[in-house]
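Asks: start-v8.txt is reproduced in full below (compact mmCIF, C-alpha atoms).
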# COMPACT_ATOMS: atom_id res chain seq x y z
CA MET D 1 2.13 -9.29 7.99
CA SER D 2 0.24 -7.36 5.40
CA VAL D 3 2.29 -5.15 3.15
CA ARG D 4 1.69 -2.41 0.73
CA ARG D 5 1.79 -3.69 -2.64
CA THR D 6 0.08 -4.49 0.45
CA TRP D 7 0.23 -1.07 1.02
CA ALA D 8 1.33 -2.02 2.06
CA ALA D 9 0.37 -1.50 0.08
CA ALA D 10 0.14 -1.86 -0.44
CA ALA D 11 -1.20 -1.73 0.15
CA ALA D 12 -1.61 -4.58 -4.33
CA VAL D 13 -2.12 -5.26 -7.96
CA ALA D 14 -0.11 -3.96 -10.88
CA MET D 15 -2.48 -4.02 -13.82
CA ALA D 16 -1.34 -3.49 -17.39
CA THR D 17 -3.59 -1.34 -19.54
CA GLY D 18 -3.03 -3.70 -22.45
CA LEU D 19 -5.19 -6.47 -21.02
CA ALA D 20 -7.44 -8.03 -23.60
CA LEU D 21 -11.05 -7.17 -22.93
CA THR D 22 -12.55 -10.50 -22.01
CA GLY D 23 -15.17 -11.80 -19.66
CA CYS D 24 -13.21 -15.01 -19.06
CA ALA D 25 -11.12 -14.92 -15.93
CA GLY D 26 -9.53 -18.13 -14.79
CA THR D 27 -10.01 -19.71 -11.44
CA GLY D 28 -7.82 -22.67 -10.74
CA SER D 29 -11.01 -24.06 -9.21
CA THR D 30 -12.37 -27.59 -9.38
CA GLY D 31 -16.03 -28.09 -9.92
CA ASN D 32 -16.53 -24.45 -10.96
CA THR D 33 -15.71 -22.83 -14.27
CA GLY D 34 -17.81 -19.73 -14.34
CA GLY D 35 -18.68 -16.65 -12.34
CA ASP D 36 -21.97 -18.22 -11.28
CA GLY D 37 -19.98 -20.50 -8.99
CA GLY D 38 -21.47 -23.91 -9.81
CA ASP D 39 -21.53 -26.38 -6.92
CA ALA D 40 -20.14 -24.43 -3.96
CA ASP D 41 -20.01 -27.68 -1.93
CA SER D 42 -17.14 -29.01 -4.05
CA SER D 43 -14.77 -26.18 -4.81
CA THR D 44 -11.14 -25.14 -4.64
CA VAL D 45 -10.52 -21.47 -3.89
CA VAL D 46 -7.07 -20.26 -4.94
CA TRP D 47 -5.96 -17.41 -2.65
CA TRP D 48 -2.93 -15.24 -3.33
CA HIS D 49 -1.54 -12.94 -0.64
CA ASN D 50 1.80 -11.43 0.38
CA SER D 51 1.97 -12.32 4.08
CA ASN D 52 4.72 -14.78 3.31
CA THR D 53 6.76 -14.82 6.52
CA GLY D 54 6.42 -15.14 10.28
CA GLU D 55 3.26 -14.84 12.30
CA GLY D 56 1.32 -13.23 9.45
CA LYS D 57 1.78 -16.27 7.24
CA ASP D 58 0.90 -18.60 10.11
CA TYR D 59 -2.26 -16.63 10.83
CA TYR D 60 -3.48 -16.71 7.25
CA ASP D 61 -2.78 -20.45 7.03
CA LYS D 62 -5.01 -20.88 10.10
CA VAL D 63 -7.70 -18.65 8.60
CA ALA D 64 -7.79 -20.84 5.48
CA ALA D 65 -7.92 -24.03 7.56
CA ASP D 66 -10.73 -22.67 9.74
CA PHE D 67 -12.78 -21.77 6.65
CA GLU D 68 -12.28 -25.26 5.22
CA ALA D 69 -13.40 -26.82 8.50
CA ALA D 70 -16.57 -24.72 8.50
CA ASN D 71 -17.27 -25.44 4.82
CA PRO D 72 -16.92 -29.17 4.07
CA GLY D 73 -16.00 -29.81 0.45
CA VAL D 74 -14.27 -26.45 0.02
CA THR D 75 -10.49 -26.37 -0.23
CA VAL D 76 -8.53 -23.12 0.06
CA LYS D 77 -5.26 -23.34 -1.84
CA VAL D 78 -3.02 -20.70 -0.26
CA GLU D 79 -0.16 -19.15 -2.22
CA ALA D 80 1.86 -16.74 -0.06
CA MET D 81 4.45 -14.78 -2.01
CA GLN D 82 6.98 -12.03 -1.48
CA HIS D 83 5.26 -8.81 -2.39
CA GLU D 84 7.07 -7.87 -5.58
CA ASP D 85 6.97 -11.47 -6.80
CA MET D 86 3.23 -11.53 -6.24
CA LEU D 87 2.74 -8.35 -8.26
CA THR D 88 4.75 -9.72 -11.16
CA LYS D 89 2.98 -13.07 -11.12
CA LEU D 90 -0.46 -11.50 -10.80
CA GLN D 91 0.12 -9.10 -13.66
CA ALA D 92 1.31 -11.95 -15.88
CA ALA D 93 -1.69 -14.09 -14.91
CA LEU D 94 -4.20 -11.36 -15.66
CA GLN D 95 -2.55 -10.58 -18.99
CA SER D 96 -2.25 -14.20 -20.07
CA GLY D 97 -5.93 -14.95 -20.52
CA ASP D 98 -5.14 -18.45 -19.21
CA ASP D 99 -7.95 -19.42 -16.86
CA ALA D 100 -5.78 -21.77 -14.84
CA GLN D 101 -3.31 -19.02 -13.93
CA ILE D 102 -5.66 -16.44 -12.42
CA PRO D 103 -6.38 -16.75 -8.68
CA ASP D 104 -9.90 -16.73 -7.28
CA VAL D 105 -9.19 -14.30 -4.43
CA TYR D 106 -6.36 -11.80 -4.71
CA MET D 107 -5.18 -8.45 -3.39
CA SER D 108 -6.34 -5.19 -4.93
CA ARG D 109 -5.38 -1.57 -4.31
CA GLY D 110 -8.25 0.01 -6.20
CA GLY D 111 -8.00 3.25 -8.16
CA GLY D 112 -7.01 3.22 -11.81
CA GLU D 113 -5.64 -0.30 -11.52
CA LEU D 114 -9.02 -1.66 -10.46
CA LYS D 115 -10.74 0.30 -13.20
CA ASN D 116 -8.50 -1.44 -15.73
CA GLU D 117 -9.46 -4.81 -14.26
CA VAL D 118 -13.15 -3.95 -14.51
CA GLU D 119 -12.75 -2.87 -18.12
CA ALA D 120 -10.89 -6.10 -18.86
CA GLY D 121 -13.70 -8.14 -17.34
CA VAL D 122 -11.49 -10.07 -14.94
CA VAL D 123 -12.92 -8.96 -11.58
CA ARG D 124 -16.31 -9.81 -10.08
CA ASP D 125 -18.90 -7.22 -9.06
CA LEU D 126 -19.46 -7.79 -5.33
CA THR D 127 -22.10 -5.10 -4.79
CA THR D 128 -24.96 -7.55 -4.32
CA ASP D 129 -23.10 -10.76 -3.48
CA ALA D 130 -21.28 -9.17 -0.52
CA ALA D 131 -23.82 -6.49 0.37
CA ASP D 132 -23.81 -7.18 4.11
CA THR D 133 -20.03 -6.95 4.37
CA ILE D 134 -19.93 -3.84 2.20
CA SER D 135 -22.43 -2.08 4.47
CA LYS D 136 -20.17 -2.80 7.46
CA ILE D 137 -17.07 -1.29 5.83
CA SER D 138 -18.78 1.30 3.62
CA GLY D 139 -16.59 4.15 4.86
CA PHE D 140 -13.62 2.61 3.06
CA THR D 141 -15.05 1.35 -0.24
CA ASP D 142 -14.80 4.50 -2.40
CA GLN D 143 -11.47 3.60 -4.03
CA TYR D 144 -12.85 0.14 -4.84
CA THR D 145 -15.97 1.44 -6.54
CA VAL D 146 -16.23 1.78 -10.32
CA ASP D 147 -19.37 3.22 -11.90
CA GLY D 148 -21.25 2.80 -8.64
CA LYS D 149 -20.34 -0.86 -8.15
CA VAL D 150 -17.97 -2.32 -5.55
CA TYR D 151 -15.34 -4.72 -6.90
CA ALA D 152 -13.15 -5.34 -3.84
CA LEU D 153 -13.54 -5.60 -0.07
CA PRO D 154 -10.99 -3.42 1.76
CA TYR D 155 -9.56 -5.16 4.80
CA SER D 156 -6.86 -2.65 5.76
CA MET D 157 -6.81 1.09 5.22
CA GLY D 158 -3.93 3.17 6.40
CA ILE D 159 -1.55 6.02 5.83
CA VAL D 160 2.13 6.45 5.10
CA GLY D 161 4.50 8.15 7.51
CA PHE D 162 7.95 7.76 9.02
CA TRP D 163 8.63 4.70 11.15
CA TYR D 164 11.68 5.37 13.30
CA ASN D 165 14.03 3.72 15.77
CA LYS D 166 13.36 5.37 19.14
CA ASP D 167 16.65 4.07 20.54
CA LEU D 168 18.75 5.52 17.71
CA PHE D 169 16.89 8.82 17.89
CA ALA D 170 17.59 9.04 21.62
CA ALA D 171 21.25 8.14 21.07
CA ALA D 172 21.45 11.01 18.56
CA GLY D 173 20.16 13.43 21.18
CA ILE D 174 16.65 13.71 19.73
CA ASP D 175 14.74 13.80 22.99
CA GLU D 176 11.38 14.85 21.60
CA VAL D 177 9.82 13.72 18.33
CA ASN D 178 6.92 15.79 17.06
CA PRO D 179 4.14 13.46 15.81
CA ALA D 180 3.38 16.08 13.13
CA PRO D 181 6.74 17.78 12.42
CA THR D 182 7.55 20.69 10.16
CA MET D 183 10.15 20.22 7.46
CA ASP D 184 12.64 22.21 9.53
CA GLU D 185 12.15 19.79 12.42
CA PHE D 186 12.49 16.80 10.12
CA GLU D 187 15.73 18.11 8.64
CA GLY D 188 16.95 18.53 12.23
CA TYR D 189 16.33 14.83 12.84
CA VAL D 190 18.34 13.96 9.74
CA GLU D 191 21.31 16.11 10.71
CA ALA D 192 21.33 14.82 14.31
CA LEU D 193 21.37 11.21 13.12
CA LYS D 194 24.17 11.92 10.66
CA SER D 195 26.20 13.61 13.39
CA ALA D 196 25.75 10.51 15.56
CA GLY D 197 27.10 8.28 12.79
CA THR D 198 23.71 6.74 11.94
CA GLU D 199 22.36 6.53 8.41
CA PRO D 200 19.15 8.55 8.75
CA ILE D 201 16.79 6.94 6.24
CA SER D 202 16.48 3.72 4.29
CA VAL D 203 14.64 3.75 1.00
CA GLY D 204 13.98 0.87 -1.38
CA ALA D 205 14.60 2.85 -4.55
CA GLY D 206 15.43 -0.37 -6.37
CA ASP D 207 11.69 -1.09 -6.41
CA LYS D 208 10.91 2.54 -7.37
CA TRP D 209 7.59 2.96 -5.54
CA PRO D 210 9.16 3.55 -2.09
CA ALA D 211 11.18 6.43 -3.54
CA ALA D 212 8.12 7.70 -5.42
CA HIS D 213 6.25 8.01 -2.14
CA TYR D 214 8.29 11.10 -1.35
CA TRP D 215 7.04 12.92 -4.44
CA TYR D 216 3.47 11.73 -3.85
CA TYR D 217 3.53 13.13 -0.33
CA ASN D 218 5.02 16.40 -1.49
CA VAL D 219 2.06 16.67 -3.87
CA VAL D 220 -0.30 16.14 -0.92
CA ARG D 221 1.44 19.01 0.87
CA GLU D 222 1.92 21.43 -2.04
CA CYS D 223 -1.34 20.81 -3.92
CA SER D 224 -4.85 20.98 -2.56
CA PHE D 225 -6.85 17.77 -2.82
CA ASP D 226 -9.20 19.42 -5.32
CA THR D 227 -6.26 20.53 -7.48
CA VAL D 228 -5.01 16.97 -7.76
CA GLN D 229 -8.51 15.71 -8.53
CA ALA D 230 -8.96 18.33 -11.27
CA ALA D 231 -5.57 17.52 -12.81
CA ILE D 232 -6.38 13.82 -13.01
CA GLU D 233 -9.82 14.44 -14.51
CA SER D 234 -8.57 16.99 -17.06
CA LYS D 235 -5.17 15.33 -17.69
CA ASP D 236 -3.62 18.75 -17.18
CA TYR D 237 -0.68 18.86 -14.77
CA SER D 238 0.38 22.44 -15.43
CA ASP D 239 -0.37 23.70 -11.92
CA GLU D 240 2.82 25.02 -10.34
CA CYS D 241 2.26 22.91 -7.22
CA PHE D 242 3.46 19.80 -9.07
CA ILE D 243 6.77 21.51 -9.84
CA LYS D 244 7.04 22.62 -6.21
CA ALA D 245 6.61 19.00 -5.14
CA GLY D 246 9.65 18.07 -7.21
CA GLU D 247 11.66 20.98 -5.87
CA ARG D 248 10.91 19.84 -2.33
CA LEU D 249 12.12 16.37 -3.24
CA GLU D 250 15.34 17.78 -4.67
CA ASP D 251 15.90 19.50 -1.33
CA THR D 252 15.44 16.24 0.56
CA ILE D 253 17.76 14.30 -1.74
CA GLY D 254 20.29 17.10 -1.32
CA LEU D 255 20.49 16.31 2.40
CA GLU D 256 22.04 12.95 1.43
CA PRO D 257 19.99 11.15 4.07
CA PHE D 258 19.63 7.72 2.50
CA ASN D 259 21.36 4.40 3.13
CA ALA D 260 24.41 3.42 1.12
CA GLY D 261 23.40 1.80 -2.17
CA PHE D 262 19.80 3.03 -1.89
CA LEU D 263 19.33 3.14 -5.66
CA SER D 264 19.47 -0.67 -5.80
CA THR D 265 18.00 -1.42 -2.36
CA PRO D 266 14.79 -3.51 -2.49
CA ALA D 267 11.75 -2.47 -0.51
CA GLN D 268 10.97 -5.39 1.76
CA SER D 269 12.82 -8.57 0.79
CA GLY D 270 15.42 -9.65 3.33
CA PRO D 271 17.49 -7.98 6.06
CA THR D 272 19.32 -5.69 3.62
CA SER D 273 16.09 -4.30 2.18
CA ALA D 274 14.85 -0.89 3.28
CA SER D 275 12.46 -2.47 5.77
CA GLY D 276 15.14 -4.93 6.85
CA LEU D 277 17.62 -2.15 7.61
CA LEU D 278 15.06 -0.49 9.86
CA ALA D 279 14.00 -3.76 11.49
CA THR D 280 17.59 -4.71 12.35
CA GLY D 281 18.56 -1.31 13.76
CA LYS D 282 20.82 -0.19 10.92
CA VAL D 283 19.04 3.10 10.07
CA GLY D 284 17.10 5.77 11.91
CA MET D 285 13.85 5.72 9.96
CA GLU D 286 11.94 4.71 6.84
CA LEU D 287 8.97 6.23 5.02
CA ALA D 288 6.45 3.41 4.90
CA GLY D 289 2.83 2.58 5.46
CA HIS D 290 0.74 0.87 8.08
CA TRP D 291 2.17 -2.46 6.96
CA GLU D 292 5.63 -1.74 8.37
CA PRO D 293 5.33 -3.40 11.82
CA GLY D 294 4.21 -6.63 10.18
CA VAL D 295 6.96 -6.47 7.58
CA ALA D 296 9.62 -5.62 10.16
CA GLY D 297 8.50 -8.45 12.41
CA GLY D 298 9.04 -10.89 9.57
CA LEU D 299 12.61 -9.65 9.05
CA THR D 300 13.95 -9.88 12.61
CA GLU D 301 15.75 -12.92 13.98
CA ASP D 302 13.04 -13.64 16.55
CA GLY D 303 10.18 -12.91 14.15
CA LYS D 304 8.74 -10.24 16.43
CA VAL D 305 7.86 -6.60 15.78
CA PRO D 306 10.78 -4.45 17.07
CA SER D 307 9.92 -2.73 20.34
CA PHE D 308 11.84 0.38 19.30
CA LEU D 309 9.46 1.39 16.49
CA GLY D 310 7.91 4.85 16.70
CA TRP D 311 5.92 6.81 14.10
CA PHE D 312 5.43 10.39 12.96
CA ALA D 313 3.57 11.97 10.08
CA TYR D 314 5.17 13.25 6.90
CA PRO D 315 6.42 16.80 7.57
CA THR D 316 4.45 19.88 6.59
CA PHE D 317 5.84 22.82 4.63
CA ASP D 318 5.60 26.57 5.17
CA GLY D 319 3.02 28.02 2.78
CA GLN D 320 1.74 24.68 1.52
CA ALA D 321 -1.59 24.65 -0.32
CA GLY D 322 -2.62 21.23 0.95
CA ASP D 323 -4.62 20.77 4.12
CA PRO D 324 -2.21 19.75 6.93
CA ALA D 325 -4.73 17.06 7.95
CA ASP D 326 -4.48 15.39 4.53
CA GLN D 327 -2.37 12.26 4.31
CA MET D 328 -1.15 9.88 1.62
CA GLY D 329 -1.96 6.22 1.78
CA GLY D 330 -4.47 3.68 0.72
CA GLY D 331 -5.68 0.25 1.46
CA ASP D 332 -5.59 -3.38 0.63
CA ALA D 333 -8.68 -5.26 -0.44
CA TRP D 334 -9.76 -8.69 -1.56
CA SER D 335 -11.01 -9.02 -5.12
CA VAL D 336 -12.67 -12.09 -6.59
CA SER D 337 -12.07 -13.07 -10.21
CA THR D 338 -15.07 -13.32 -12.50
CA GLY D 339 -14.67 -17.04 -13.02
CA ALA D 340 -14.29 -17.90 -9.34
CA PRO D 341 -16.80 -20.14 -7.55
CA ASP D 342 -19.30 -18.63 -5.15
CA ALA D 343 -17.24 -20.14 -2.35
CA ALA D 344 -14.60 -17.53 -3.20
CA VAL D 345 -17.05 -14.73 -2.38
CA ASP D 346 -17.91 -16.47 0.87
CA PHE D 347 -14.21 -16.72 1.68
CA ALA D 348 -13.56 -13.05 0.85
CA GLU D 349 -16.40 -12.08 3.17
CA TYR D 350 -15.01 -14.38 5.86
CA LEU D 351 -11.73 -12.48 5.63
CA LEU D 352 -13.69 -9.35 6.63
CA SER D 353 -15.54 -11.05 9.49
CA ASP D 354 -15.29 -9.78 13.07
CA GLU D 355 -13.28 -12.86 14.02
CA VAL D 356 -10.69 -12.69 11.25
CA GLN D 357 -10.32 -8.91 11.36
CA THR D 358 -9.81 -9.00 15.13
CA GLY D 359 -7.03 -11.56 14.73
CA PHE D 360 -5.57 -9.41 11.95
CA ALA D 361 -5.51 -6.43 14.31
CA GLU D 362 -4.13 -8.38 17.24
CA GLY D 363 -1.28 -9.55 15.03
CA ASP D 364 -0.40 -5.96 13.99
CA MET D 365 -0.92 -6.90 10.35
CA GLY D 366 -2.47 -3.58 9.38
CA LEU D 367 -5.28 -1.17 10.19
CA PRO D 368 -8.57 -3.08 9.99
CA THR D 369 -11.64 -1.63 8.33
CA ASN D 370 -14.18 -3.64 10.31
CA PRO D 371 -15.21 -1.38 13.23
CA ALA D 372 -15.41 -4.40 15.51
CA ALA D 373 -11.65 -4.87 15.22
CA THR D 374 -10.15 -1.37 15.33
CA GLY D 375 -9.76 -1.48 19.10
CA SER D 376 -7.82 -4.74 19.00
CA ILE D 377 -4.53 -3.51 17.53
CA ALA D 378 -1.82 -4.80 19.86
CA ASN D 379 1.01 -2.47 18.89
CA GLU D 380 0.51 0.92 20.53
CA THR D 381 2.49 2.74 17.83
CA LEU D 382 0.41 1.20 15.05
CA ALA D 383 -2.76 2.01 16.98
CA GLN D 384 -1.88 5.72 16.96
CA LEU D 385 -2.42 5.78 13.19
CA ILE D 386 -6.16 5.13 13.62
CA PRO D 387 -7.04 8.63 14.94
CA VAL D 388 -4.76 10.22 12.33
CA ARG D 389 -6.45 8.19 9.59
CA ASP D 390 -9.88 9.14 10.86
CA ALA D 391 -9.13 12.80 11.71
CA GLY D 392 -11.25 14.23 8.92
CA GLY D 393 -8.62 15.08 6.31
CA ASN D 394 -8.49 13.52 2.85
CA THR D 395 -6.31 10.49 2.23
CA GLN D 396 -4.75 10.79 -1.20
CA LEU D 397 -4.49 7.32 -2.73
CA TYR D 398 -1.00 6.32 -3.85
CA LEU D 399 -0.69 8.23 -7.10
CA ASP D 400 0.62 5.33 -9.16
CA THR D 401 -2.40 3.29 -8.10
CA ARG D 402 -4.80 6.15 -8.68
CA LEU D 403 -3.42 6.96 -12.12
CA GLY D 404 -3.11 3.36 -13.32
CA GLN D 405 -0.09 1.54 -14.64
CA SER D 406 0.74 3.42 -17.84
CA VAL D 407 0.74 6.88 -16.24
CA GLY D 408 1.83 5.68 -12.81
CA GLY D 409 4.71 3.70 -14.27
CA ALA D 410 6.00 6.65 -16.27
CA MET D 411 5.75 8.83 -13.16
CA ASN D 412 7.64 6.36 -10.97
CA ASP D 413 10.37 5.97 -13.60
CA ALA D 414 10.91 9.73 -13.70
CA ILE D 415 10.99 10.00 -9.90
CA ALA D 416 13.56 7.20 -9.76
CA LEU D 417 15.70 9.15 -12.21
CA MET D 418 15.51 12.18 -9.91
CA PHE D 419 16.83 10.04 -7.04
CA ALA D 420 19.67 9.04 -9.34
CA GLY D 421 20.39 12.69 -10.18
CA GLN D 422 19.27 12.28 -13.78
CA ALA D 423 15.96 14.20 -13.79
CA GLY D 424 14.47 17.38 -12.40
CA PRO D 425 11.02 18.56 -11.25
CA GLN D 426 9.86 19.43 -14.76
CA ASP D 427 10.87 16.00 -16.06
CA ILE D 428 8.49 14.30 -13.63
CA VAL D 429 5.58 16.53 -14.67
CA ASP D 430 6.40 16.06 -18.36
CA ALA D 431 6.46 12.29 -17.96
CA ILE D 432 3.03 12.30 -16.29
CA GLN D 433 1.57 14.70 -18.83
CA SER D 434 2.86 12.74 -21.83
CA ALA D 435 1.64 9.41 -20.49
CA ALA D 436 -1.77 10.85 -19.60
CA GLU D 437 -2.21 12.32 -23.07
CA ALA D 438 -1.17 9.02 -24.67
CA GLU D 439 -3.89 7.02 -22.89
Will you turn the file into structure tokens for me?
Replies:
Amino acid sequence: MSVRRTWAAAAAVAMATGLALTGCAGTGSTGNTGGDGGDADSSTVVWWHNSNTGEGKDYYDKVAADFEAANPGVTVKVEAMQHEDMLTKLQAALQSGDDAQIPDVYMSRGGGELKNEVEAGVVRDLTTDAADTISKISGFTDQYTVDGKVYALPYSMGIVGFWYNKDLFAAAGIDEVNPAPTMDEFEGYVEALKSAGTEPISVGAGDKWPAAHYWYYNVVRECSFDTVQAAIESKDYSDECFIKAGERLEDTIGLEPFNAGFLSTPAQSGPTSASGLLATGKVGMELAGHWEPGVAGGLTEDGKVPSFLGWFAYPTFDGQAGDPADQMGGGDAWSVSTGAPDAAVDFAEYLLSDEVQTGFAEGDMGLPTNPAATGSIANETLAQLIPVRDAGGNTQLYLDTRLGQSVGGAMNDAIALMFAGQAGPQDIVDAIQSAAEAE
């Protein structure tokens, strides 16, 4: 599976703004101590990813073994971690300045987080070294570009929407599900599920970002893409649309649609996580990204993607300023640390090859960026996200990723407080504004 933060994560790197500015990034590599790579015929490439269960983990283990077989003298040391654990460990490694702790190839979400990495000197410029691969996936590299240079290779790019249990929806009398519902239709789904005795929605508010996705998406609906862009550039969040986004979220919370104990529920770890509750048929739906089938498959008893999964887009609002074709999401990419051997660049490019991306698609691990693989997605529901992704609207990058950790963290904290009934729409805007001004 490939998850946000992956996504999914996702998409997935939490980067502290306090990183010391240094050109020395560690590698954990033998025979190579600098960004020039040294002897690529005798190298260890340390690879961190979050496909830590089921078929996704098995596939990535095979990918590493195949690369080793094709490159004698190169060893790929794979470290597969639960998503949140990976984020914590990666942030600590990047902050430590200890060369031995920083992986050679690791997951990136781009945006403000990547910009911080570039400023800290810990991530390698791949513009020239991976030029052929970049040209193949150029339609997806914008969020991984800083000052005209590409610092990560996106391997999955998707959007967030509601994954739902078709069986539970049918049992609740919901015979037709609109793939692009209005808010009135969505609220009808919630009430029907409640009437049938089914908890409508799971949310991993214990990890904050899954809850924050609701506010992010409301911003996509209530604010035009240009308005959001102008606010970020000017650090001025006074537009009324940001308040409206919070008011919409208050309305949703007021429906009381979430699973019992949602404030402490984790996102993806174990059967009682938000993803686990959906995977095991305990709730009607979950707001999640393109990573969800892979995550769910790793949380079922048989290790397979549940056959009952369906998908629909985040609801639209009457009078919204945002383009209805706009979505919220982002991607996952492979970055290479500055001290990594050249073999690490070769491996990152191999991960974007036709062969590996096709296997990635066939395993329902995400939405591949390599055009040669987009037709190979096995899961029909996951495949339906491709035309939505490519429909011509803007995809607003996860706002915490786009804003960077200091602003994004303050925003997520305030949104979590709203879910707990301890903050209102203005509090979220004030938290963002204060953090932005303090940068």
Asks: Please provide as a count of residues only all residues within 12 Å of range 184-195 of chain D, with the sequence filter that same-chain residues fewer than 6 positions apart are discarded (counting only C-alpha atoms).
Replies: 39
Asks: Identify which of the residues D:Gly359, D:Pro179, D:Gly206, D:Pro293 lies closest to Tyr60 in chain D, counting all atoms listed in the file when measuring atom-to-atom distances.
Replies: D:Gly359
Asks: For a quick check of understanding, using only C-alpha atoms, which of D:Asp85, D:Gly421, D:Leu114, D:Ala93 has the smallest distance to Gly404 in chain D?
Replies: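 Answer, going by the shortest atom-to-atom distance: D:Leu114.
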Asks: Can you tell me, as a PyMOL selection string, what residues are no more than 10 Å from Gly409 in chain D when counting all atoms listed in the file, ignoring any on the same chain fewer than 4 positions away?
Replies: chain D and resi 14+16+208-209+400-401+403-405+413-415+431-432+435
Asks: Go through D:Gly54, D:Pro266, D:Gly322, D:Pro306 and flag the residue nearest Asp207 in chain D, using only C-alpha atoms for the distances.
Replies: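 Among D:Gly54, D:Pro266, D:Gly322, D:Pro306, it is D:Pro266 that comes nearest to Asp207 in chain D.
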Asks: Any idea what's packed within 12 Å of Pro387 in chain D, counting only C-alpha atoms, ignoring anything in its chain fewer than 2 positions away? Could you give it as an MDAnalysis selection string?
Replies: chainID D and resid 158:159 325 367 374:375 381:385 389:393
Asks: Pick the closest to Gly303 in chain D from D:Asp342, D:Glu55, D:Ala420, D:Ser43: which is it, counting all atoms listed in the file?
Replies: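 Of the candidates, the smallest distance to Gly303 in chain D is held by D:Glu55.
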Asks: Report, in Å to a single decimal, how far apart CA of Asp61 in chain D and CA of Ile377 in chain D are.
Replies: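 Separation of CA of Ile377 in chain D and CA of Asp61 in chain D: 20.0 Å.
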Asks: Using all atoms listed in the file, pick whichever of D:Gln426, D:Thr128, D:Ser434, D:Asn370 has the shortest atom-to-atom distance to Ile243 in chain D.
Replies: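 Ranking D:Gln426, D:Thr128, D:Ser434, D:Asn370 by distance to Ile243 in chain D, first place goes to D:Gln426.
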Asks: Hey, what's within 10 Å of Ala344 in chain D if we count all atoms listed in the file and toss same-chain stuff fewer than 3 positions away? As a VMD selection string, please?
Replies: chain D and resid 27 29 37 40 43 to 47 74 76 103 to 105 335 to 337 339 to 341 347 to 350
Asks: Selection from above, C-alpha atoms, as an mmCIF file, in the frame of the given file, can you write it?
Replies:
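Contents of the output file again33.cif:
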data_model
loop_
_atom_site.group_PDB
_atom_site.id
_atom_site.type_symbol
_atom_site.label_atom_id
_atom_site.label_comp_id
_atom_site.auth_asym_id
_atom_site.auth_seq_id
_atom_site.Cartn_x
_atom_site.Cartn_y
_atom_site.Cartn_z
ATOM 1 C CA THR D 27 -10.010 -19.710 -11.440
ATOM 2 C CA SER D 29 -11.010 -24.060 -9.210
ATOM 3 C CA GLY D 37 -19.980 -20.500 -8.990
ATOM 4 C CA ALA D 40 -20.140 -24.430 -3.960
ATOM 5 C CA SER D 43 -14.770 -26.180 -4.810
ATOM 6 C CA THR D 44 -11.140 -25.140 -4.640
ATOM 7 C CA VAL D 45 -10.520 -21.470 -3.890
ATOM 8 C CA VAL D 46 -7.070 -20.260 -4.940
ATOM 9 C CA TRP D 47 -5.960 -17.410 -2.650
ATOM 10 C CA VAL D 74 -14.270 -26.450 0.020
ATOM 11 C CA VAL D 76 -8.530 -23.120 0.060
ATOM 12 C CA PRO D 103 -6.380 -16.750 -8.680
ATOM 13 C CA ASP D 104 -9.900 -16.730 -7.280
ATOM 14 C CA VAL D 105 -9.190 -14.300 -4.430
ATOM 15 C CA SER D 335 -11.010 -9.020 -5.120
ATOM 16 C CA VAL D 336 -12.670 -12.090 -6.590
ATOM 17 C CA SER D 337 -12.070 -13.070 -10.210
ATOM 18 C CA GLY D 339 -14.670 -17.040 -13.020
ATOM 19 C CA ALA D 340 -14.290 -17.900 -9.340
ATOM 20 C CA PRO D 341 -16.800 -20.140 -7.550
ATOM 21 C CA PHE D 347 -14.210 -16.720 1.680
ATOM 22 C CA ALA D 348 -13.560 -13.050 0.850
ATOM 23 C CA GLU D 349 -16.400 -12.080 3.170
ATOM 24 C CA TYR D 350 -15.010 -14.380 5.860
#
Asks: Which one of D:Glu84, D:Ile428, D:Asn218, D:Asn50 sits closest to Trp291 in chain D if you count only C-alpha atoms?
Replies: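 Using only C-alpha atoms, Trp291 in chain D sits closest to D:Asn50.
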Asks: Please provide as number ranges by chain all residues within 10 Å of Thr272 in chain D, with the sequence filter that same-chain residues fewer than 5 positions apart are discarded (counting all atoms listed in the file).
Replies: D: 202, 204, 265-267, 277-280, 282, 299
Asks: Go ahead and save the picked residues with C-alpha atoms, as a PDB file, in the coordinates of the input.
Replies:
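The resulting file, part-v8.pdb, is shown below:
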ATOM      1  CA  SER D 202      16.480   3.720   4.290  1.00  0.00           C
ATOM      2  CA  GLY D 204      13.980   0.870  -1.380  1.00  0.00           C
ATOM      3  CA  THR D 265      18.000  -1.420  -2.360  1.00  0.00           C
ATOM      4  CA  PRO D 266      14.790  -3.510  -2.490  1.00  0.00           C
ATOM      5  CA  ALA D 267      11.750  -2.470  -0.510  1.00  0.00           C
ATOM      6  CA  LEU D 277      17.620  -2.150   7.610  1.00  0.00           C
ATOM      7  CA  LEU D 278      15.060  -0.490   9.860  1.00  0.00           C
ATOM      8  CA  ALA D 279      14.000  -3.760  11.490  1.00  0.00           C
ATOM      9  CA  THR D 280      17.590  -4.710  12.350  1.00  0.00           C
ATOM     10  CA  LYS D 282      20.820  -0.190  10.920  1.00  0.00           C
ATOM     11  CA  LEU D 299      12.610  -9.650   9.050  1.00  0.00           C
TER      12      LEU D 299
END
Asks: Take CA of Gly331 in chain D and CA of Gln433 in chain D and report the distance between them in Å, one decimal.
Replies: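 Going from CA of Gly331 in chain D over to CA of Gln433 in chain D covers 25.9 Å.
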Asks: Between CA of Ser353 in chain D and CA of Ala373 in chain D, what is the distance, to one decimal in Å?
Replies: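 Spanning CA of Ser353 in chain D to CA of Ala373 in chain D is a straight-line distance of 9.3 Å.
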